[in-house]
Structure formats: structure tokens, C-alpha cells
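*Asks:* See upload.cif below, with mmCIF, C-alpha atoms.
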data_upload
#
loop_
_atom_site.group_PDB
_atom_site.id
_atom_site.type_symbol
_atom_site.label_atom_id
_atom_site.label_comp_id
_atom_site.auth_asym_id
_atom_site.auth_seq_id
_atom_site.Cartn_x
_atom_site.Cartn_y
_atom_site.Cartn_z
ATOM 1 C CA MET O 1 8.190 18.167 10.416
ATOM 2 C CA LYS O 2 5.776 19.604 7.829
ATOM 3 C CA LEU O 3 6.535 23.088 9.119
ATOM 4 C CA ILE O 4 10.286 22.550 8.642
ATOM 5 C CA ARG O 5 9.743 21.288 5.081
ATOM 6 C CA ALA O 6 7.491 24.251 4.267
ATOM 7 C CA ALA O 7 10.037 26.690 5.713
ATOM 8 C CA ALA O 8 12.847 25.000 3.727
ATOM 9 C CA ALA O 9 10.793 25.121 0.530
ATOM 10 C CA LEU O 10 9.987 28.794 1.138
ATOM 11 C CA LEU O 11 13.665 29.574 1.730
ATOM 12 C CA LEU O 12 14.646 27.672 -1.432
ATOM 13 C CA LEU O 13 12.046 29.501 -3.528
ATOM 14 C CA SER O 14 13.092 32.848 -2.041
ATOM 15 C CA GLY O 15 16.730 32.089 -2.830
ATOM 16 C CA LEU O 16 15.888 31.109 -6.403
ATOM 17 C CA PHE O 17 13.831 34.278 -6.841
ATOM 18 C CA LEU O 18 16.631 36.490 -5.496
ATOM 19 C CA ALA O 19 19.247 34.755 -7.649
ATOM 20 C CA GLY O 20 17.056 35.174 -10.729
ATOM 21 C CA TYR O 21 16.467 38.827 -9.909
ATOM 22 C CA GLY O 22 20.202 39.332 -9.422
ATOM 23 C CA LEU O 23 20.881 37.914 -12.896
ATOM 24 C CA LEU O 24 18.243 40.157 -14.481
ATOM 25 C CA GLN O 25 20.347 43.364 -14.421
ATOM 26 C CA PRO O 26 23.450 41.897 -16.130
ATOM 27 C CA ALA O 27 21.216 40.174 -18.697
ATOM 28 C CA LYS O 28 19.369 43.443 -19.346
ATOM 29 C CA ALA O 29 22.695 45.293 -19.725
ATOM 30 C CA LEU O 30 23.997 42.721 -22.215
ATOM 31 C CA LEU O 31 20.765 42.764 -24.222
ATOM 32 C CA GLY O 32 20.801 46.576 -24.269
ATOM 33 C CA GLN O 33 24.351 46.640 -25.675
ATOM 34 C CA LEU O 34 23.411 44.088 -28.348
ATOM 35 C CA LEU O 35 20.366 46.160 -29.343
ATOM 36 C CA LEU O 36 22.444 49.364 -29.440
ATOM 37 C CA GLU O 37 25.078 47.670 -31.627
ATOM 38 C CA ARG O 38 22.394 46.367 -33.991
ATOM 39 C CA SER O 39 20.846 49.833 -34.115
ATOM 40 C CA PHE O 40 24.201 51.462 -34.941
ATOM 41 C CA VAL O 41 24.863 49.001 -37.760
ATOM 42 C CA ALA O 42 21.339 49.685 -39.083
ATOM 43 C CA GLY O 43 22.082 53.402 -39.392
ATOM 44 C CA GLY O 44 21.271 54.780 -35.949
ATOM 45 C CA THR O 45 17.660 53.728 -35.574
ATOM 46 C CA ARG O 46 15.998 53.679 -32.152
ATOM 47 C CA PRO O 47 17.320 50.588 -30.356
ATOM 48 C CA TRP O 48 13.957 49.668 -28.803
ATOM 49 C CA PRO O 49 10.444 51.140 -28.658
ATOM 50 C CA GLY O 50 10.268 54.158 -26.374
ATOM 51 C CA ALA O 51 14.027 54.794 -26.296
ATOM 52 C CA ASP O 52 14.805 58.528 -26.032
ATOM 53 C CA MET O 53 18.220 58.141 -27.653
ATOM 54 C CA ARG O 54 19.937 56.402 -30.536
ATOM 55 C CA PRO O 55 23.547 55.407 -31.242
ATOM 56 C CA VAL O 56 25.436 57.870 -33.449
ATOM 57 C CA ALA O 57 29.091 56.893 -33.057
ATOM 58 C CA LYS O 58 31.557 54.329 -31.822
ATOM 59 C CA ILE O 59 34.672 55.422 -29.958
ATOM 60 C CA LYS O 60 37.823 53.277 -29.823
ATOM 61 C CA ILE O 61 41.189 53.562 -28.118
ATOM 62 C CA GLU O 62 43.303 50.723 -29.468
ATOM 63 C CA ARG O 63 46.063 50.966 -26.849
ATOM 64 C CA LEU O 64 43.499 50.343 -24.092
ATOM 65 C CA GLY O 65 41.351 47.876 -26.042
ATOM 66 C CA ILE O 66 38.378 50.187 -25.510
ATOM 67 C CA SER O 67 35.323 50.315 -27.764
ATOM 68 C CA ARG O 68 32.158 52.140 -26.718
ATOM 69 C CA LEU O 69 29.017 53.125 -28.554
ATOM 70 C CA VAL O 70 27.990 56.770 -28.172
ATOM 71 C CA VAL O 71 24.361 57.894 -28.106
ATOM 72 C CA ASN O 72 23.027 61.206 -29.391
ATOM 73 C CA ARG O 73 22.210 62.686 -25.983
ATOM 74 C CA ALA O 74 23.733 62.629 -22.531
ATOM 75 C CA SER O 75 20.330 62.208 -20.880
ATOM 76 C CA GLY O 76 19.530 60.077 -17.862
ATOM 77 C CA GLU O 77 18.287 57.160 -19.944
ATOM 78 C CA GLY O 78 20.945 57.563 -22.621
ATOM 79 C CA MET O 79 23.869 57.549 -20.191
ATOM 80 C CA ALA O 80 22.489 54.460 -18.484
ATOM 81 C CA TRP O 81 23.283 52.592 -21.705
ATOM 82 C CA ALA O 82 26.262 54.410 -23.232
ATOM 83 C CA PRO O 83 28.228 57.657 -23.171
ATOM 84 C CA GLY O 84 26.271 60.491 -24.773
ATOM 85 C CA ILE O 85 26.846 63.742 -26.629
ATOM 86 C CA VAL O 86 26.398 66.766 -24.351
ATOM 87 C CA ALA O 87 23.655 69.213 -25.371
ATOM 88 C CA GLY O 88 24.983 72.337 -27.049
ATOM 89 C CA THR O 89 27.898 70.539 -28.683
ATOM 90 C CA THR O 90 28.042 68.822 -32.045
ATOM 91 C CA GLU O 91 28.402 65.244 -33.166
ATOM 92 C CA PRO O 92 31.980 64.158 -33.895
ATOM 93 C CA GLY O 93 33.159 64.915 -37.418
ATOM 94 C CA SER O 94 31.235 68.190 -37.642
ATOM 95 C CA GLY O 95 34.315 70.426 -37.490
ATOM 96 C CA SER O 96 33.585 71.951 -34.084
ATOM 97 C CA LEU O 97 33.590 70.829 -30.439
ATOM 98 C CA SER O 98 32.061 67.506 -29.425
ATOM 99 C CA ILE O 99 31.752 66.631 -25.748
ATOM 100 C CA ILE O 100 30.968 63.039 -24.847
ATOM 101 C CA ALA O 101 30.002 62.321 -21.232
ATOM 102 C CA GLY O 102 29.531 59.039 -19.443
ATOM 103 C CA HIS O 103 29.431 57.462 -16.007
ATOM 104 C CA ARG O 104 32.701 57.080 -14.113
ATOM 105 C CA ASP O 105 31.799 53.653 -12.763
ATOM 106 C CA SER O 106 30.941 52.061 -16.098
ATOM 107 C CA HIS O 107 31.360 53.308 -19.671
ATOM 108 C CA MET O 108 33.941 56.033 -18.976
ATOM 109 C CA ALA O 109 35.931 54.378 -16.174
ATOM 110 C CA PHE O 110 38.826 53.987 -18.639
ATOM 111 C CA LEU O 111 39.496 57.753 -18.737
ATOM 112 C CA GLY O 112 42.001 57.449 -15.896
ATOM 113 C CA ASP O 113 44.170 55.259 -18.144
ATOM 114 C CA VAL O 114 44.211 57.597 -21.146
ATOM 115 C CA ARG O 115 47.587 59.232 -21.880
ATOM 116 C CA ILE O 116 48.738 62.230 -23.874
ATOM 117 C CA ASP O 117 49.286 61.211 -27.531
ATOM 118 C CA ASP O 118 46.816 58.299 -27.324
ATOM 119 C CA VAL O 119 44.854 58.030 -30.559
ATOM 120 C CA ILE O 120 41.065 58.011 -30.307
ATOM 121 C CA THR O 121 39.279 56.640 -33.362
ATOM 122 C CA LEU O 122 35.648 57.494 -33.967
ATOM 123 C CA ASP O 123 33.248 55.931 -36.412
ATOM 124 C CA THR O 124 30.072 57.923 -36.968
ATOM 125 C CA LEU O 125 27.035 57.013 -39.030
ATOM 126 C CA GLU O 126 28.436 59.100 -41.914
ATOM 127 C CA GLN O 127 32.228 58.842 -41.473
ATOM 128 C CA ARG O 128 34.609 56.080 -40.463
ATOM 129 C CA GLY O 129 38.055 56.304 -38.947
ATOM 130 C CA LEU O 130 38.057 59.866 -37.615
ATOM 131 C CA LYS O 131 41.334 60.217 -35.675
ATOM 132 C CA TYR O 132 41.872 62.425 -32.640
ATOM 133 C CA THR O 133 45.068 62.703 -30.588
ATOM 134 C CA VAL O 134 44.842 63.263 -26.833
ATOM 135 C CA SER O 135 46.426 66.611 -25.965
ATOM 136 C CA GLY O 136 45.760 66.748 -22.225
ATOM 137 C CA ALA O 137 43.414 66.220 -19.302
ATOM 138 C CA MET O 138 42.133 68.355 -16.453
ATOM 139 C CA VAL O 139 39.738 68.292 -13.527
ATOM 140 C CA VAL O 140 37.204 71.130 -13.539
ATOM 141 C CA ASP O 141 34.310 72.326 -11.437
ATOM 142 C CA SER O 142 31.348 71.876 -13.765
ATOM 143 C CA SER O 143 29.359 74.560 -11.984
ATOM 144 C CA ARG O 144 31.870 77.187 -13.201
ATOM 145 C CA TRP O 145 33.733 75.711 -16.181
ATOM 146 C CA ARG O 146 32.515 76.421 -19.707
ATOM 147 C CA PRO O 147 34.330 75.007 -22.723
ATOM 148 C CA HIS O 148 35.269 77.354 -25.551
ATOM 149 C CA ILE O 149 32.864 76.066 -28.173
ATOM 150 C CA ALA O 150 33.567 78.683 -30.842
ATOM 151 C CA LEU O 151 37.351 78.253 -31.238
ATOM 152 C CA GLU O 152 38.136 78.290 -34.932
ATOM 153 C CA GLY O 153 40.412 76.075 -36.943
ATOM 154 C CA GLN O 154 40.587 72.749 -35.134
ATOM 155 C CA GLU O 155 37.959 70.137 -34.440
ATOM 156 C CA ARG O 156 38.063 69.092 -30.793
ATOM 157 C CA LEU O 157 36.752 66.163 -28.806
ATOM 158 C CA TYR O 158 36.347 66.226 -25.027
ATOM 159 C CA LEU O 159 35.598 63.042 -23.091
ATOM 160 C CA THR O 160 34.278 63.692 -19.598
ATOM 161 C CA THR O 161 33.112 61.916 -16.478
ATOM 162 C CA CYS O 162 32.649 62.643 -12.778
ATOM 163 C CA TRP O 163 35.686 63.020 -10.527
ATOM 164 C CA PRO O 164 37.111 61.253 -8.597
ATOM 165 C CA LEU O 165 36.909 58.216 -10.841
ATOM 166 C CA GLY O 166 36.368 55.696 -8.041
ATOM 167 C CA GLY O 167 33.798 57.831 -6.222
ATOM 168 C CA HIS O 168 30.123 57.132 -5.695
ATOM 169 C CA THR O 169 28.838 60.422 -4.291
ATOM 170 C CA ASP O 170 27.415 63.410 -6.140
ATOM 171 C CA THR O 171 30.066 65.889 -7.214
ATOM 172 C CA SER O 172 30.426 68.933 -9.431
ATOM 173 C CA LYS O 173 33.998 67.911 -10.333
ATOM 174 C CA ARG O 174 34.584 66.497 -13.810
ATOM 175 C CA MET O 175 37.596 64.922 -15.442
ATOM 176 C CA VAL O 176 37.955 66.175 -19.000
ATOM 177 C CA VAL O 177 40.229 64.464 -21.547
ATOM 178 C CA MET O 178 40.900 66.744 -24.505
ATOM 179 C CA ALA O 179 41.786 65.568 -28.014
ATOM 180 C CA LEU O 180 42.385 67.325 -31.329
ATOM 181 C CA ARG O 181 41.406 65.954 -34.718
ATOM 182 C CA ASP O 182 44.385 64.835 -36.794
#
I need this file expressed as C-alpha cells, please.
*Replies:*
Amino acid sequence: MKLIRAAAALLLLSGLFLAGYGLLQPAKALLGQLLLERSFVAGGTRPWPGADMRPVAKIKIERLGISRLVVNRASGEGMAWAPGIVAGTTEPGSGSLSIIAGHRDSHMAFLGDVRIDDVITLDTLEQRGLKYTVSGAMVVDSSRWRPHIALEGQERLYLTTCWPLGGHTDTSKRMVVMALRD
């Protein structure tokens, strides 16, 4: 009888531990988003000690009800928390090409719902209400595709994520949504 009680207590404690551990990831994700939002409002400071990124923009698509913070680098840690600006491109509002990349199963899953003529609004640390209009989308092989960074005359924004959107395996395919500044 004592053995059955001990086994039941051990099973109960194991279940409680596993349930608590299962709640840890969503709680961590929520706390991270709150810290990133606070950091953005405070002018783009580091969201927590040791963070290798900081929020620099907020992207919104009103038609879809989408609002996402954007961090200054599309690094492994940065993209775990938010879409990030791809190295070699500029921050939005700079007059050139900005590429923002994020994970297809979280922050950028909405890209499949974006349509031509959707309006993307970006707030940066320096400028509010930058408007971009979606001009198209394409699927590219990232091992061969290179965006034309030096095109003159029109500020461009590319939003990108892995393709296919519902996939979970490594791929060199990327969906790219292109938008021009109004």
C-alpha cells in the first residue's frame, strides 16, 4: 500500500513538474514581447541584459490586424523574439532597401495573407507612420537570389520568410513580399 502511495505521489509530482515546464515557454515568450515593447517605447534600448539585439521598428498591416516589433538584426537570437533587419540592408525610412526576415511558423506566418495594394505602416525610433504599398510577392531560391540594393529613386521594403509557409524542414526557398514607400 505504501508503495502504491509513493508511486502515485511520484507520478503526481512528475505531472506537476511537466505541466509547469510546459507553461514556461509561453510565459517566457509573453515576457519577452513585453520587454521588447517596453524597450521600443524607451527608445530602442537593450530589452534585457545580454541581448544581442534591440527593437528598432514596429510593422503594422491594418487589414490583417497585424502588429510586430522588428529588431535590428536577423540573428538567431533576434529572430527567436521578433522579425529582424537583414545584414547589408538599411533600417526602414533610410531611403534605400530594407529587408525584414522572420520565422514562417511564428512572427511572419501572416505573409501568406498579404495582398497586392495592402498598406504596411512602419513606426521607427525616429519616424512614425511610414507607409509602404505592397507591389507583389515571389518565391526565390535564397542560395541564388540577390536583391537589387542600389536601385535609385524609390525606397523599398521586402518582408521575407521560409517557403513553404506551413513547412518545418530546412529549405533555401524564401517567400518575399515587396512594397514601395508611398
*Asks:* Could you state which residues are captured by the PyMOL selection byres ((chain O and resi 166-178) around 10) in this file, as a count of residues only?
*Replies:* 37
*Asks:* So, with only C-alpha atoms as the atoms that count, which of O:Glu155, O:Gly88, O:Ala7, O:Ala82 lies closest to Leu30 (chain O)?
*Replies:* O:Ala82
*Asks:* For the atom pair CA of Asp123 (chain O) and CA of Ser106 (chain O), what is the interatomic distance in Å to one decimal place?
*Replies:*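 Distance reported for this atom pair: 20.8 Å.
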*Asks:* Between CA of Met108 (chain O) and CA of Gly84 (chain O), what is the distance in Å, rounded to a tenth?
*Replies:*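 Spanning CA of Met108 (chain O) to CA of Gly84 (chain O) is a straight-line distance of 10.6 Å.
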*Asks:* Excluding same-chain residues fewer than 4 positions from Arg63 (chain O), what lies within 12 Å of it counting only C-alpha atoms, as a list in words?
*Replies:*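 Counting only C-alpha atoms, the residues come to Ser67, Phe110, Asp113, Val114, Arg115, Ile116, Asp117, Asp118, Val119, Ile120 and Thr121 of chain O.
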*Asks:* Between CA of Arg73 (chain O) and CA of Gly95 (chain O), what distance in Å does the model show, to one decimal?
*Replies:*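 Distance reported for this atom pair: 18.4 Å.
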*Asks:* Assuming the chain letters and numbering stay as they are in my file, what does the PyMOL selection byres ((chain O and resi 48) around 12) actually select? List them as a ChimeraX atom specification.
*Replies:* /O:31-39,44-47,49-55
*Asks:* Measuring atom to atom with only C-alpha atoms, identify which of O:Gly76, O:Gly43, O:Gly93, O:Gly65 is nearest to Gln154 (chain O).
*Replies:*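 Among the listed residues, the smallest separation from Gln154 (chain O) belongs to O:Gly93.
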*Asks:* Would you please work out which residue, of O:His107, O:Ala80, O:Ala8, O:Thr89, is nearest to Arg68 (chain O) when using only C-alpha atoms?
*Replies:* O:His107
*Asks:* For Gln127 (chain O), please output as a PyMOL selection string all residues within 12 Å (counting only C-alpha atoms; exclusion window: fewer than 3 positions along the same chain).
*Replies:* chain O and resi 43+56-58+91-94+121-124+130-131
*Asks:* Which residue gives the smallest distance to Ser75 (chain O) among O:Ala27, O:Glu126, O:Ile59, O:Gly102, with all atoms listed in the file counted?
*Replies:*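 Closest candidate: O:Gly102.
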*Asks:* Complete region 49-67 of chain O with N, CA and C atoms (output as a PDB file, in the coordinates of the input).
*Replies:*
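Printed below is result10.pdb as written:
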ATOM      1  N   PRO O  49      11.585  50.218 -28.737  1.00  0.00           N
ATOM      2  CA  PRO O  49      10.444  51.140 -28.658  1.00  0.00           C
ATOM      3  C   PRO O  49      10.502  51.972 -27.376  1.00  0.00           C
ATOM      4  N   GLY O  50      10.280  53.264 -27.521  1.00  0.00           N
ATOM      5  CA  GLY O  50      10.268  54.158 -26.374  1.00  0.00           C
ATOM      6  C   GLY O  50      11.627  54.713 -25.979  1.00  0.00           C
ATOM      7  N   ALA O  51      12.693  54.276 -26.619  1.00  0.00           N
ATOM      8  CA  ALA O  51      14.027  54.794 -26.296  1.00  0.00           C
ATOM      9  C   ALA O  51      14.089  56.277 -26.651  1.00  0.00           C
ATOM     10  N   ASP O  52      14.700  57.094 -25.761  1.00  0.00           N
ATOM     11  CA  ASP O  52      14.805  58.528 -26.032  1.00  0.00           C
ATOM     12  C   ASP O  52      16.162  58.892 -26.621  1.00  0.00           C
ATOM     13  N   MET O  53      16.906  57.902 -27.059  1.00  0.00           N
ATOM     14  CA  MET O  53      18.220  58.141 -27.653  1.00  0.00           C
ATOM     15  C   MET O  53      18.472  57.104 -28.737  1.00  0.00           C
ATOM     16  N   ARG O  54      19.544  57.359 -29.501  1.00  0.00           N
ATOM     17  CA  ARG O  54      19.937  56.402 -30.536  1.00  0.00           C
ATOM     18  C   ARG O  54      21.452  56.473 -30.685  1.00  0.00           C
ATOM     19  N   PRO O  55      22.094  55.382 -31.080  1.00  0.00           N
ATOM     20  CA  PRO O  55      23.547  55.407 -31.242  1.00  0.00           C
ATOM     21  C   PRO O  55      23.946  56.202 -32.483  1.00  0.00           C
ATOM     22  N   VAL O  56      24.985  57.038 -32.333  1.00  0.00           N
ATOM     23  CA  VAL O  56      25.436  57.870 -33.449  1.00  0.00           C
ATOM     24  C   VAL O  56      26.927  57.712 -33.739  1.00  0.00           C
ATOM     25  N   ALA O  57      27.650  57.034 -32.849  1.00  0.00           N
ATOM     26  CA  ALA O  57      29.091  56.893 -33.057  1.00  0.00           C
ATOM     27  C   ALA O  57      29.612  55.709 -32.245  1.00  0.00           C
ATOM     28  N   LYS O  58      30.829  55.329 -32.593  1.00  0.00           N
ATOM     29  CA  LYS O  58      31.557  54.329 -31.822  1.00  0.00           C
ATOM     30  C   LYS O  58      32.952  54.892 -31.590  1.00  0.00           C
ATOM     31  N   ILE O  59      33.370  54.890 -30.339  1.00  0.00           N
ATOM     32  CA  ILE O  59      34.672  55.422 -29.958  1.00  0.00           C
ATOM     33  C   ILE O  59      35.594  54.256 -29.611  1.00  0.00           C
ATOM     34  N   LYS O  60      36.856  54.345 -30.082  1.00  0.00           N
ATOM     35  CA  LYS O  60      37.823  53.277 -29.823  1.00  0.00           C
ATOM     36  C   LYS O  60      39.165  53.877 -29.432  1.00  0.00           C
ATOM     37  N   ILE O  61      39.807  53.242 -28.468  1.00  0.00           N
ATOM     38  CA  ILE O  61      41.189  53.562 -28.118  1.00  0.00           C
ATOM     39  C   ILE O  61      41.929  52.234 -28.159  1.00  0.00           C
ATOM     40  N   GLU O  62      42.664  52.015 -29.236  1.00  0.00           N
ATOM     41  CA  GLU O  62      43.303  50.723 -29.468  1.00  0.00           C
ATOM     42  C   GLU O  62      44.268  50.335 -28.359  1.00  0.00           C
ATOM     43  N   ARG O  63      45.074  51.285 -27.878  1.00  0.00           N
ATOM     44  CA  ARG O  63      46.063  50.966 -26.849  1.00  0.00           C
ATOM     45  C   ARG O  63      45.406  50.366 -25.604  1.00  0.00           C
ATOM     46  N   LEU O  64      44.206  50.823 -25.275  1.00  0.00           N
ATOM     47  CA  LEU O  64      43.499  50.343 -24.092  1.00  0.00           C
ATOM     48  C   LEU O  64      42.528  49.204 -24.399  1.00  0.00           C
ATOM     49  N   GLY O  65      42.332  48.896 -25.674  1.00  0.00           N
ATOM     50  CA  GLY O  65      41.351  47.876 -26.042  1.00  0.00           C
ATOM     51  C   GLY O  65      39.930  48.312 -25.752  1.00  0.00           C
ATOM     52  N   ILE O  66      39.674  49.607 -25.845  1.00  0.00           N
ATOM     53  CA  ILE O  66      38.378  50.187 -25.510  1.00  0.00           C
ATOM     54  C   ILE O  66      37.543  50.398 -26.770  1.00  0.00           C
ATOM     55  N   SER O  67      36.283  50.018 -26.711  1.00  0.00           N
ATOM     56  CA  SER O  67      35.323  50.315 -27.764  1.00  0.00           C
ATOM     57  C   SER O  67      33.978  50.578 -27.095  1.00  0.00           C
TER      58      SER O  67
END
